[in-house]
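Q: Structure in structure tokens, see below.
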Amino acid sequence: MGRKSHHAHDFAQSVDTVYAAFTDPDFVRAKLEALGSRDIEIDVSEADGETIVTIERTVPVKVSGPLQAAVGDSQRVRQTERWRSEAGGRYTADVAVEPVGMPASMQGETVLSPNGSGCRCDATMEARCAIPLMGGKIEKLMITDSDAKIAAEFAYIAEHS
């Protein structure tokens, strides 16, 4: 079934400013470096009315016990965000995250909506892992790690955009 999480954050910045923070490769790189990622590759392209942000990076992972052997202290991750603009000034992205070399993934959605002079960001994620006996523990680890990274990204965007 997978593990799910939801995050909401109200930004003082406009929806267009926060959207730019998610899609500008220089800003994305600076944010990811500040949060501890390394070996970052970013591609931003346009296709079929969507802005596609593809990020591949190595992220630090903090685990102990039996998961340490499976995960290690870092993980190469491939992330794809497919952003589209919608009526009313909203932006929505379908988000896919894959740990490279692991039978696991995360799928979700990020929605940016105008909210007065600022905007609201709602992000949902679901982790799935197909490793027998350990899949649930890895899903929990993925969601816990994702929760921390999303909160840190929101804080960075709020401070630097």
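How things are named: the first chain in the structure tokens is A, the next is B, and so on; residues count from 1 in each chain; ligands count from 1 in the order shown.
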Tell me, as a ChimeraX atom specification, which residues lie within 6 Å of segment 118-120 of chain A, counting only C-alpha atoms; anything in the same chain fewer than 5 positions away does not count.

A: /A:9-15,112-113

Q: Please list as number ranges by chain every residue within 7 Å of Thr51 of chain A, counting only C-alpha atoms and excluding residues in the same chain fewer than 2 positions away.

A: A: 44-47, 49, 53, 82-84

Q: Between A:Ser74, A:Ser5, A:Thr58, A:Ser37, which residue has the minimum interatomic distance to Thr110 of chain A, considering only C-alpha atoms?

A: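 Closest to Thr110 of chain A, using only C-alpha atoms: A:Ser5.
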
Q: Run DSSP on the backbone and grab whatever in chain A lands in strand (DSSP E); send it over as a PyMOL selection string.

A: chain A and resi 3-11+38-47+50-60+74-85+91-99+104-115+118-129

Q: For the atom pair atom CA of Pro60 of chain A and atom CA of Ile143 of chain A, what is the interatomic distance in Å to one decimal place?

A: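 Interatomic distance here is 14.4 Å.
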
Q: Counting only C-alpha atoms, figure out which residue out of A:Ile138, A:Ala87, A:Ala152, A:Ala158 gets nearest to Leu32 of chain A.

A: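 For Leu32 of chain A, the nearest of the candidates is A:Ala152.
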
Q: At a cut-off of 10 Å, using only C-alpha atoms, what residues contact Thr54 of chain A? Leave out same-chain residues fewer than 2 positions from it and give the result as a list in words.

A: Thr23, Pro25, Glu41, Ile42, Asp43, Val44, Ser45, Thr51, Ile52, Glu56, Arg78, Gln79, Thr80, Glu81, Arg82, Val95, Ala96 and Val97 of chain A

Q: Can you spit out the residues from that selection as a PDB file, in the first residue's frame, using N, CA and C atoms?

A:
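Resulting contents of result_22.pdb:
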ATOM      1  N   THR A  23      11.536  25.965 -10.306  1.00  0.00           N
ATOM      2  CA  THR A  23      11.858  25.663 -11.705  1.00  0.00           C
ATOM      3  C   THR A  23      13.112  26.355 -12.240  1.00  0.00           C
ATOM      4  N   PRO A  25      16.885  26.557 -12.537  1.00  0.00           N
ATOM      5  CA  PRO A  25      17.960  25.612 -12.231  1.00  0.00           C
ATOM      6  C   PRO A  25      19.025  26.163 -11.283  1.00  0.00           C
ATOM      7  N   GLU A  41      22.818  17.195 -10.936  1.00  0.00           N
ATOM      8  CA  GLU A  41      22.569  17.423 -12.363  1.00  0.00           C
ATOM      9  C   GLU A  41      21.120  17.876 -12.496  1.00  0.00           C
ATOM     10  N   ILE A  42      20.902  18.997 -13.208  1.00  0.00           N
ATOM     11  CA  ILE A  42      19.553  19.556 -13.355  1.00  0.00           C
ATOM     12  C   ILE A  42      19.294  19.825 -14.829  1.00  0.00           C
ATOM     13  N   ASP A  43      18.105  19.446 -15.281  1.00  0.00           N
ATOM     14  CA  ASP A  43      17.670  19.763 -16.629  1.00  0.00           C
ATOM     15  C   ASP A  43      16.257  20.325 -16.541  1.00  0.00           C
ATOM     16  N   VAL A  44      16.032  21.471 -17.155  1.00  0.00           N
ATOM     17  CA  VAL A  44      14.697  22.060 -17.219  1.00  0.00           C
ATOM     18  C   VAL A  44      14.332  22.187 -18.684  1.00  0.00           C
ATOM     19  N   SER A  45      13.173  21.630 -19.050  1.00  0.00           N
ATOM     20  CA  SER A  45      12.733  21.673 -20.445  1.00  0.00           C
ATOM     21  C   SER A  45      11.238  21.964 -20.497  1.00  0.00           C
ATOM     22  N   THR A  51       6.430  22.414 -17.813  1.00  0.00           N
ATOM     23  CA  THR A  51       7.834  22.650 -17.503  1.00  0.00           C
ATOM     24  C   THR A  51       8.310  21.416 -16.760  1.00  0.00           C
ATOM     25  N   ILE A  52       9.287  20.734 -17.317  1.00  0.00           N
ATOM     26  CA  ILE A  52       9.770  19.476 -16.750  1.00  0.00           C
ATOM     27  C   ILE A  52      11.130  19.727 -16.102  1.00  0.00           C
ATOM     28  N   GLU A  56      18.999  14.912 -10.810  1.00  0.00           N
ATOM     29  CA  GLU A  56      19.669  13.708 -10.312  1.00  0.00           C
ATOM     30  C   GLU A  56      20.755  14.194  -9.358  1.00  0.00           C
ATOM     31  N   ARG A  78      16.892  10.163  -8.472  1.00  0.00           N
ATOM     32  CA  ARG A  78      16.419  10.814  -9.699  1.00  0.00           C
ATOM     33  C   ARG A  78      15.013  11.342  -9.422  1.00  0.00           C
ATOM     34  N   GLN A  79      14.812  12.636  -9.643  1.00  0.00           N
ATOM     35  CA  GLN A  79      13.523  13.271  -9.360  1.00  0.00           C
ATOM     36  C   GLN A  79      13.035  13.990 -10.606  1.00  0.00           C
ATOM     37  N   THR A  80      11.759  13.797 -10.921  1.00  0.00           N
ATOM     38  CA  THR A  80      11.150  14.479 -12.057  1.00  0.00           C
ATOM     39  C   THR A  80       9.905  15.206 -11.575  1.00  0.00           C
ATOM     40  N   GLU A  81       9.827  16.499 -11.902  1.00  0.00           N
ATOM     41  CA  GLU A  81       8.655  17.310 -11.588  1.00  0.00           C
ATOM     42  C   GLU A  81       8.095  17.808 -12.910  1.00  0.00           C
ATOM     43  N   ARG A  82       6.803  17.547 -13.150  1.00  0.00           N
ATOM     44  CA  ARG A  82       6.136  17.978 -14.374  1.00  0.00           C
ATOM     45  C   ARG A  82       5.130  19.065 -14.002  1.00  0.00           C
ATOM     46  N   VAL A  95       5.085  14.703  -9.209  1.00  0.00           N
ATOM     47  CA  VAL A  95       6.453  14.497  -8.745  1.00  0.00           C
ATOM     48  C   VAL A  95       6.738  12.998  -8.659  1.00  0.00           C
ATOM     49  N   ALA A  96       7.860  12.576  -9.216  1.00  0.00           N
ATOM     50  CA  ALA A  96       8.311  11.185  -9.121  1.00  0.00           C
ATOM     51  C   ALA A  96       9.756  11.177  -8.634  1.00  0.00           C
ATOM     52  N   VAL A  97      10.028  10.365  -7.613  1.00  0.00           N
ATOM     53  CA  VAL A  97      11.369  10.264  -7.048  1.00  0.00           C
ATOM     54  C   VAL A  97      11.758   8.792  -7.021  1.00  0.00           C
TER      55      VAL A  97
END

Q: Could you check which of A:Glu33, A:Glu126, A:Glu50, A:Glu159 is closest to Thr92 of chain A, using only C-alpha atoms?

A: A:Glu50

Q: Restricting the calculation to only C-alpha atoms, which member of A:Val100, A:Lys4, A:Ile40, A:Leu35 is positioned closest to Lys140 of chain A?

A: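 Among A:Val100, A:Lys4, A:Ile40, A:Leu35, it is A:Lys4 that comes nearest to Lys140 of chain A.
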
Q: State, in Å with one decimal place, the distance from atom CA of Asp145 of chain A to atom CA of Val61 of chain A.

A: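 That distance, rounded to one decimal, is 7.6 Å.
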
Q: Extract, using only C-alpha atoms, all DNA, RNA and protein residues at most 10 Å from Val111 of chain A, discarding same-chain residues fewer than 4 positions from it, and format them as a ChimeraX atom specification.

A: /A:8,19,83-85,90-94,120-124

Q: Based on the selection just made, write N, CA and C atoms of those residues as a PDB file, in the first residue's frame.

A:
ATOM      1  N   ALA A   8       1.959  21.299   4.117  1.00  0.00           N
ATOM      2  CA  ALA A   8       1.383  22.561   3.662  1.00  0.00           C
ATOM      3  C   ALA A   8       2.234  23.692   4.222  1.00  0.00           C
ATOM      4  N   TYR A  19       6.912  29.518  -7.626  1.00  0.00           N
ATOM      5  CA  TYR A  19       7.014  28.640  -8.795  1.00  0.00           C
ATOM      6  C   TYR A  19       8.409  28.750  -9.412  1.00  0.00           C
ATOM      7  N   TRP A  83       5.558  20.334 -14.161  1.00  0.00           N
ATOM      8  CA  TRP A  83       4.776  21.490 -13.742  1.00  0.00           C
ATOM      9  C   TRP A  83       3.865  21.966 -14.865  1.00  0.00           C
ATOM     10  N   ARG A  84       2.644  22.344 -14.491  1.00  0.00           N
ATOM     11  CA  ARG A  84       1.716  22.954 -15.441  1.00  0.00           C
ATOM     12  C   ARG A  84       0.967  24.090 -14.739  1.00  0.00           C
ATOM     13  N   SER A  85       0.660  25.130 -15.503  1.00  0.00           N
ATOM     14  CA  SER A  85      -0.110  26.237 -14.941  1.00  0.00           C
ATOM     15  C   SER A  85      -1.593  25.942 -15.139  1.00  0.00           C
ATOM     16  N   ARG A  90      -2.844  29.055 -10.375  1.00  0.00           N
ATOM     17  CA  ARG A  90      -2.263  27.880  -9.702  1.00  0.00           C
ATOM     18  C   ARG A  90      -1.225  27.199 -10.576  1.00  0.00           C
ATOM     19  N   TYR A  91      -0.303  26.526  -9.918  1.00  0.00           N
ATOM     20  CA  TYR A  91       0.653  25.644 -10.587  1.00  0.00           C
ATOM     21  C   TYR A  91       0.574  24.290  -9.889  1.00  0.00           C
ATOM     22  N   THR A  92       0.609  23.226 -10.689  1.00  0.00           N
ATOM     23  CA  THR A  92       0.576  21.870 -10.141  1.00  0.00           C
ATOM     24  C   THR A  92       1.695  21.060 -10.778  1.00  0.00           C
ATOM     25  N   ALA A  93       2.352  20.250  -9.951  1.00  0.00           N
ATOM     26  CA  ALA A  93       3.415  19.373 -10.448  1.00  0.00           C
ATOM     27  C   ALA A  93       3.144  17.947 -10.021  1.00  0.00           C
ATOM     28  N   ASP A  94       3.278  17.026 -10.964  1.00  0.00           N
ATOM     29  CA  ASP A  94       3.352  15.603 -10.637  1.00  0.00           C
ATOM     30  C   ASP A  94       4.817  15.330 -10.346  1.00  0.00           C
ATOM     31  N   ARG A 120       0.140  29.461  -1.104  1.00  0.00           N
ATOM     32  CA  ARG A 120       0.142  28.252  -0.290  1.00  0.00           C
ATOM     33  C   ARG A 120       0.704  27.119  -1.149  1.00  0.00           C
ATOM     34  N   CYS A 121       1.527  26.304  -0.528  1.00  0.00           N
ATOM     35  CA  CYS A 121       2.072  25.119  -1.191  1.00  0.00           C
ATOM     36  C   CYS A 121       1.591  23.887  -0.439  1.00  0.00           C
ATOM     37  N   ASP A 122       0.950  22.977  -1.148  1.00  0.00           N
ATOM     38  CA  ASP A 122       0.536  21.683  -0.605  1.00  0.00           C
ATOM     39  C   ASP A 122       1.308  20.605  -1.358  1.00  0.00           C
ATOM     40  N   ALA A 123       1.994  19.764  -0.606  1.00  0.00           N
ATOM     41  CA  ALA A 123       2.779  18.681  -1.209  1.00  0.00           C
ATOM     42  C   ALA A 123       2.368  17.359  -0.569  1.00  0.00           C
ATOM     43  N   THR A 124       2.035  16.390  -1.407  1.00  0.00           N
ATOM     44  CA  THR A 124       1.717  15.045  -0.936  1.00  0.00           C
ATOM     45  C   THR A 124       2.697  14.071  -1.572  1.00  0.00           C
TER      46      THR A 124
END

Q: Output as a VMD selection string all residues of segment 41-128 of chain A that backbone DSSP marks as alpha helix (DSSP H).

A: chain A and resid 66 to 71

Q: If you keep N, CA, C and O atoms, can you produce a file of those selected residues as a short mmCIF file (atom, residue, chain, number, x, y, z; two decimals), in the first residue's frame?

A:
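The resulting again35.cif:
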data_model
loop_
_atom_site.label_atom_id
_atom_site.label_comp_id
_atom_site.auth_asym_id
_atom_site.auth_seq_id
_atom_site.Cartn_x
_atom_site.Cartn_y
_atom_site.Cartn_z
N PRO A 66 19.81 -2.66 10.62
CA PRO A 66 19.80 -3.49 9.42
C PRO A 66 19.61 -2.71 8.12
O PRO A 66 20.03 -3.16 7.06
N LEU A 67 18.99 -1.52 8.20
CA LEU A 67 18.80 -0.73 6.98
C LEU A 67 20.10 -0.13 6.47
O LEU A 67 20.22 0.18 5.30
N GLN A 68 21.09 0.02 7.34
CA GLN A 68 22.37 0.61 6.95
C GLN A 68 23.00 -0.16 5.79
O GLN A 68 23.51 0.43 4.85
N ALA A 69 22.94 -1.49 5.85
CA ALA A 69 23.53 -2.32 4.79
C ALA A 69 22.81 -2.13 3.47
O ALA A 69 23.44 -2.12 2.41
N ALA A 70 21.50 -1.95 3.52
CA ALA A 70 20.72 -1.80 2.29
C ALA A 70 20.83 -0.39 1.71
O ALA A 70 20.83 -0.22 0.50
N VAL A 71 20.94 0.61 2.56
CA VAL A 71 20.86 1.99 2.12
C VAL A 71 22.20 2.71 2.10
O VAL A 71 22.50 3.47 1.20
#

Q: What is the atom CA of Asn115 of chain A to atom CA of Asp26 of chain A distance in Å?

A: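 These atoms are spaced 25.9 Å apart.
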